Each structure stands twice: as structure tokens, then as C-alpha cells.
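Student: My file is entry_39.csv. It has CSV, C-alpha atoms:
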```csv
chain,number,residue,atom,x,y,z
A,1,MET,CA,-9.8,12.2,-12.5
A,2,LYS,CA,-6.6,14.2,-12.8
A,3,LYS,CA,-4.1,11.7,-14.2
A,4,GLU,CA,-1.4,14.4,-14.5
A,5,LEU,CA,-1.6,15.2,-10.8
A,6,PHE,CA,-1.4,11.5,-9.9
A,7,SER,CA,1.6,11.1,-12.2
A,8,LEU,CA,3.3,14.1,-10.5
A,9,LEU,CA,2.4,12.9,-7.0
A,10,GLY,CA,3.6,9.4,-7.9
A,11,ASN,CA,7.0,10.7,-8.9
A,12,VAL,CA,7.3,13.0,-5.9
A,13,ALA,CA,6.3,10.3,-3.4
A,14,SER,CA,7.9,7.5,-5.3
A,15,VAL,CA,4.8,5.4,-5.5
A,16,ASP,CA,2.5,3.8,-8.0
A,17,PHE,CA,-1.2,4.6,-8.0
A,18,PHE,CA,-3.8,2.2,-9.3
A,19,SER,CA,-7.5,2.5,-9.7
A,20,ASP,CA,-9.9,-0.4,-9.4
A,21,GLY,CA,-13.5,-0.5,-10.5
A,22,THR,CA,-14.4,-2.9,-13.2
A,23,ASP,CA,-10.7,-3.4,-14.0
A,24,ILE,CA,-7.4,-2.4,-12.3
A,25,SER,CA,-5.4,0.2,-14.1
A,26,LEU,CA,-2.2,2.3,-13.4
A,27,ILE,CA,-3.0,6.0,-13.0
A,28,SER,CA,0.5,7.3,-12.4
A,29,ASP,CA,3.2,7.1,-15.0
A,30,ASN,CA,6.2,5.8,-13.2
A,31,ASN,CA,5.4,2.1,-12.8
A,32,ALA,CA,8.9,1.3,-11.6
A,33,PHE,CA,8.3,-2.4,-10.9
A,34,ASN,CA,5.1,-3.4,-12.7
A,35,MET,CA,3.1,-4.0,-9.5
A,36,THR,CA,-0.2,-4.9,-11.2
A,37,GLU,CA,-0.2,-8.5,-9.9
A,38,LEU,CA,0.7,-7.4,-6.4
A,39,ALA,CA,-2.2,-4.9,-6.5
A,40,LYS,CA,-4.6,-7.6,-7.5
A,41,GLU,CA,-3.4,-9.9,-4.7
A,42,ALA,CA,-3.9,-7.0,-2.2
A,43,LEU,CA,-7.4,-6.3,-3.3
A,44,GLN,CA,-8.4,-9.8,-2.2
A,45,LEU,CA,-7.3,-8.9,1.3
A,46,GLN,CA,-9.1,-5.6,1.6
A,47,VAL,CA,-11.3,-5.0,4.7
A,48,PRO,CA,-14.5,-3.2,3.5
A,49,ASN,CA,-14.9,0.5,4.3
A,50,THR,CA,-11.5,0.8,5.9
A,51,LEU,CA,-8.1,2.2,4.8
A,52,THR,CA,-6.4,-1.2,4.5
A,53,ILE,CA,-2.6,-1.4,4.5
A,54,VAL,CA,-1.4,-4.8,3.4
A,55,ASN,CA,2.2,-6.1,3.7
A,56,LEU,CA,2.7,-8.7,1.0
A,57,ASN,CA,6.1,-10.3,1.1
A,58,ASN,CA,7.5,-7.0,2.5
A,59,PHE,CA,5.9,-4.8,-0.2
A,60,TYR,CA,3.2,-2.5,1.2
A,61,VAL,CA,-0.1,-1.8,-0.6
A,62,THR,CA,-2.5,0.8,0.7
A,63,ILE,CA,-6.2,0.3,-0.4
A,64,ILE,CA,-8.3,3.4,-0.2
A,65,PRO,CA,-12.1,2.9,-0.4
A,66,ILE,CA,-13.6,5.4,-2.8
A,67,ASP,CA,-17.2,4.0,-3.0
A,68,LYS,CA,-18.9,0.6,-3.0
A,69,ILE,CA,-17.2,-0.6,-6.2
A,70,ARG,CA,-14.0,1.5,-6.6
A,71,GLN,CA,-10.8,1.6,-4.7
A,72,LEU,CA,-7.6,3.6,-5.1
A,73,LEU,CA,-4.3,1.7,-4.4
A,74,ILE,CA,-0.9,3.1,-3.4
A,75,ILE,CA,2.2,1.0,-3.7
A,76,PRO,CA,5.5,2.6,-2.5
A,77,HIS,CA,8.7,1.8,-4.4
A,78,ILE,CA,10.3,0.2,-1.4
A,79,ASN,CA,10.9,-3.2,-0.2
A,80,THR,CA,10.5,-3.0,3.6
A,81,THR,CA,12.7,-5.9,4.5
A,82,ASN,CA,15.2,-3.6,6.0
A,83,ILE,CA,12.9,-1.0,7.7
A,84,PRO,CA,13.6,-0.8,11.4
A,85,ARG,CA,10.9,-2.9,13.2
A,86,ASP,CA,10.5,-0.8,16.3
A,87,TYR,CA,7.0,0.6,17.1
A,88,ARG,CA,7.8,4.2,16.4
A,89,GLU,CA,9.2,3.6,12.9
A,90,ILE,CA,6.3,1.4,11.9
A,91,ALA,CA,3.7,3.9,13.4
A,92,LYS,CA,5.4,6.7,11.5
A,93,PHE,CA,5.4,4.7,8.2
A,94,VAL,CA,1.6,3.9,8.7
A,95,ASP,CA,0.9,7.6,9.6
A,96,ASN,CA,2.7,8.7,6.4
A,97,LEU,CA,0.7,6.3,4.3
A,98,ASN,CA,-2.5,7.6,5.9
A,99,SER,CA,-1.6,11.2,5.1
A,100,LEU,CA,-0.8,10.3,1.5
A,101,SER,CA,-4.0,8.4,1.3
A,102,SER,CA,-6.0,11.4,2.4
A,103,LEU,CA,-4.4,13.6,-0.2
A,104,ALA,CA,-4.9,11.0,-3.0
A,105,TYR,CA,-8.6,10.6,-1.9
A,106,GLN,CA,-9.1,14.3,-2.1
A,107,LEU,CA,-7.5,14.5,-5.6
A,108,PHE,CA,-9.5,11.6,-6.8
A,109,THR,CA,-12.9,12.6,-5.6
A,110,ASN,CA,-12.7,16.4,-5.0
A,111,LYS,CA,-14.1,15.6,-1.5
A,112,LYS,CA,-12.7,15.7,2.0
A,113,LYS,CA,-11.7,12.3,3.1
A,114,PRO,CA,-14.0,10.4,5.5
A,115,ASN,CA,-12.8,9.3,8.9
A,116,TRP,CA,-11.4,5.9,8.0
A,117,LYS,CA,-10.6,3.1,10.4
A,118,THR,CA,-7.2,1.7,9.5
A,119,CYS,CA,-6.4,-2.0,9.2
A,120,VAL,CA,-2.9,-3.3,8.8
A,121,LYS,CA,-2.3,-6.8,7.6
A,122,LYS,CA,0.8,-8.8,7.0
A,123,TYR,CA,1.0,-11.8,4.6
A,124,LEU,CA,3.8,-14.0,3.3
A,125,LEU,CA,2.7,-15.5,0.1
A,126,LEU,CA,4.2,-18.8,-1.0
A,127,LYS,CA,5.3,-19.1,-4.6
A,128,ARG,CA,2.8,-21.1,-6.6
A,129,LYS,CA,4.0,-23.9,-8.7
```
Mind turning the file's structure into C-alpha cells?
Tutor:
Amino acid sequence: MKKELFSLLGNVASVDFFSDGTDISLISDNNAFNMTELAKEALQLQVPNTLTIVNLNNFYVTIIPIDKIRQLLIIPHINTTNIPRDYREIAKFVDNLNSLSSLAYQLFTNKKKPNWKTCVKKYLLLKRK
């Protein structure tokens, strides 16, 4: 894996990249908001063999399937509470995440990305006491 490339891409795209196999780990160096717990929550909601985009309390996590046991996660450094909610803006946002996911997959595996189905989920998590 090319950690330097993911660090650079993370800084340019203003995202955190995480890798999940046996343990989740940050593979970019910006880690603006310590999103490890958010990444763990999102992994529980992944749809197998799909590019899964999960909105958890207005933070998006994109889960890229690498193989049967590994995933790559992208967490943009934005809270989407104030993103316009019309169809075109949401479709553009999802399309941009799909393009970034394709690039990240190619960097991670040195292979062309497969034709993923895309699943978008939205969850509001209640605070646990």
C-alpha cells in the first residue's frame, strides 16, 4: 500500500482514509476529527459487495469493498447538515464520492475498479447513555 499517496490524496480531497481488515486503521495523515468510532459504526451498516455510502448523523462514510475481508473507508471532512437537499446536489455529491472511491481502489490494489452497485443509507444514531 502507498501510504504517502493516501496521505496526499487525503489532504487534497479533505478526507480521512481508513483500512479495515483484522483491525481498523487510519492510512492518511490528516485525521482532522478522529473519525475512528464513526468508521466502526459505518462498517456495521455495509452492504456486502457494494460501494456503500452511509450518512450517519450528517457525516458521510464511503465503504469500498476490496476483498472478502478488507474494506477501504473514506470520510469527508464535512458535516452535511447544510448541503442543499435537492436531487441534483445529492446526485453530484454521490457521483464525486464514487469517482474518489474508484481512484482510491486503484491506488490500494493496483487494479481497475470493478463495476460496483452503489447503496446509499441514512441513519440518525441516538446518543447512548
Student: Residues within 12 Å of segment 5-20 of chain A, please, as an mmCIF file with C-alpha atoms, in the frame of the given file. Count only C-alpha atoms; anything in the same chain fewer than 4 positions from it doesn't count.
Tutor:
```cif
data_model
loop_
_atom_site.group_PDB
_atom_site.id
_atom_site.type_symbol
_atom_site.label_atom_id
_atom_site.label_comp_id
_atom_site.auth_asym_id
_atom_site.auth_seq_id
_atom_site.Cartn_x
_atom_site.Cartn_y
_atom_site.Cartn_z
ATOM 1 C CA MET A 1 -9.800 12.200 -12.500
ATOM 2 C CA ILE A 24 -7.400 -2.400 -12.300
ATOM 3 C CA SER A 25 -5.400 0.200 -14.100
ATOM 4 C CA LEU A 26 -2.200 2.300 -13.400
ATOM 5 C CA ILE A 27 -3.000 6.000 -13.000
ATOM 6 C CA SER A 28 0.500 7.300 -12.400
ATOM 7 C CA ASP A 29 3.200 7.100 -15.000
ATOM 8 C CA ASN A 30 6.200 5.800 -13.200
ATOM 9 C CA ASN A 31 5.400 2.100 -12.800
ATOM 10 C CA ALA A 32 8.900 1.300 -11.600
ATOM 11 C CA PHE A 33 8.300 -2.400 -10.900
ATOM 12 C CA ASN A 34 5.100 -3.400 -12.700
ATOM 13 C CA MET A 35 3.100 -4.000 -9.500
ATOM 14 C CA THR A 36 -0.200 -4.900 -11.200
ATOM 15 C CA GLU A 37 -0.200 -8.500 -9.900
ATOM 16 C CA LEU A 38 0.700 -7.400 -6.400
ATOM 17 C CA ALA A 39 -2.200 -4.900 -6.500
ATOM 18 C CA LYS A 40 -4.600 -7.600 -7.500
ATOM 19 C CA ALA A 42 -3.900 -7.000 -2.200
ATOM 20 C CA LEU A 43 -7.400 -6.300 -3.300
ATOM 21 C CA GLN A 44 -8.400 -9.800 -2.200
ATOM 22 C CA PHE A 59 5.900 -4.800 -0.200
ATOM 23 C CA TYR A 60 3.200 -2.500 1.200
ATOM 24 C CA VAL A 61 -0.100 -1.800 -0.600
ATOM 25 C CA THR A 62 -2.500 0.800 0.700
ATOM 26 C CA ILE A 63 -6.200 0.300 -0.400
ATOM 27 C CA ILE A 64 -8.300 3.400 -0.200
ATOM 28 C CA PRO A 65 -12.100 2.900 -0.400
ATOM 29 C CA ILE A 66 -13.600 5.400 -2.800
ATOM 30 C CA ASP A 67 -17.200 4.000 -3.000
ATOM 31 C CA LYS A 68 -18.900 0.600 -3.000
ATOM 32 C CA ILE A 69 -17.200 -0.600 -6.200
ATOM 33 C CA ARG A 70 -14.000 1.500 -6.600
ATOM 34 C CA GLN A 71 -10.800 1.600 -4.700
ATOM 35 C CA LEU A 72 -7.600 3.600 -5.100
ATOM 36 C CA LEU A 73 -4.300 1.700 -4.400
ATOM 37 C CA ILE A 74 -0.900 3.100 -3.400
ATOM 38 C CA ILE A 75 2.200 1.000 -3.700
ATOM 39 C CA PRO A 76 5.500 2.600 -2.500
ATOM 40 C CA HIS A 77 8.700 1.800 -4.400
ATOM 41 C CA ILE A 78 10.300 0.200 -1.400
ATOM 42 C CA ASN A 79 10.900 -3.200 -0.200
ATOM 43 C CA ASN A 96 2.700 8.700 6.400
ATOM 44 C CA LEU A 97 0.700 6.300 4.300
ATOM 45 C CA SER A 99 -1.600 11.200 5.100
ATOM 46 C CA LEU A 100 -0.800 10.300 1.500
ATOM 47 C CA SER A 101 -4.000 8.400 1.300
ATOM 48 C CA LEU A 103 -4.400 13.600 -0.200
ATOM 49 C CA ALA A 104 -4.900 11.000 -3.000
ATOM 50 C CA TYR A 105 -8.600 10.600 -1.900
ATOM 51 C CA GLN A 106 -9.100 14.300 -2.100
ATOM 52 C CA LEU A 107 -7.500 14.500 -5.600
ATOM 53 C CA PHE A 108 -9.500 11.600 -6.800
#
```
Student: So what do you get for atom CA of Asn55 of chain A versus atom CA of Thr118 of chain A, distance-wise?
Tutor: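 Separating atom CA of Asn55 of chain A from atom CA of Thr118 of chain A is a distance of 13.5 Å.
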Student: Please, what distance in Å, to one decimal, runs between atom CA of Lys117 of chain A and atom CA of Thr50 of chain A?
Tutor: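 Between these atoms lies a distance of 5.1 Å.
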Student: Considering all atoms listed in the file, state which residue in the set A:Glu89, A:Asp95, A:Glu4, A:Glu41 is at the smallest distance from Tyr123 of chain A.
Tutor: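 Smallest separation from Tyr123 of chain A among the options: A:Glu41.
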Student: Grab the atom CA of Lys121 of chain A to atom CA of Thr52 of chain A distance for me, in Å with one decimal place.
Tutor: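 Taking atom CA of Lys121 of chain A as the start and atom CA of Thr52 of chain A as the end point, the length is 7.6 Å.
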Student: Given only C-alpha atoms as the basis, pick out the residue of A:Asn110, A:Thr22, A:Ile53, A:Lys122 nearest to Phe93 of chain A.
Tutor: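 Checking each of A:Asn110, A:Thr22, A:Ile53, A:Lys122 against Phe93 of chain A, counting only C-alpha atoms, the winner is A:Ile53.
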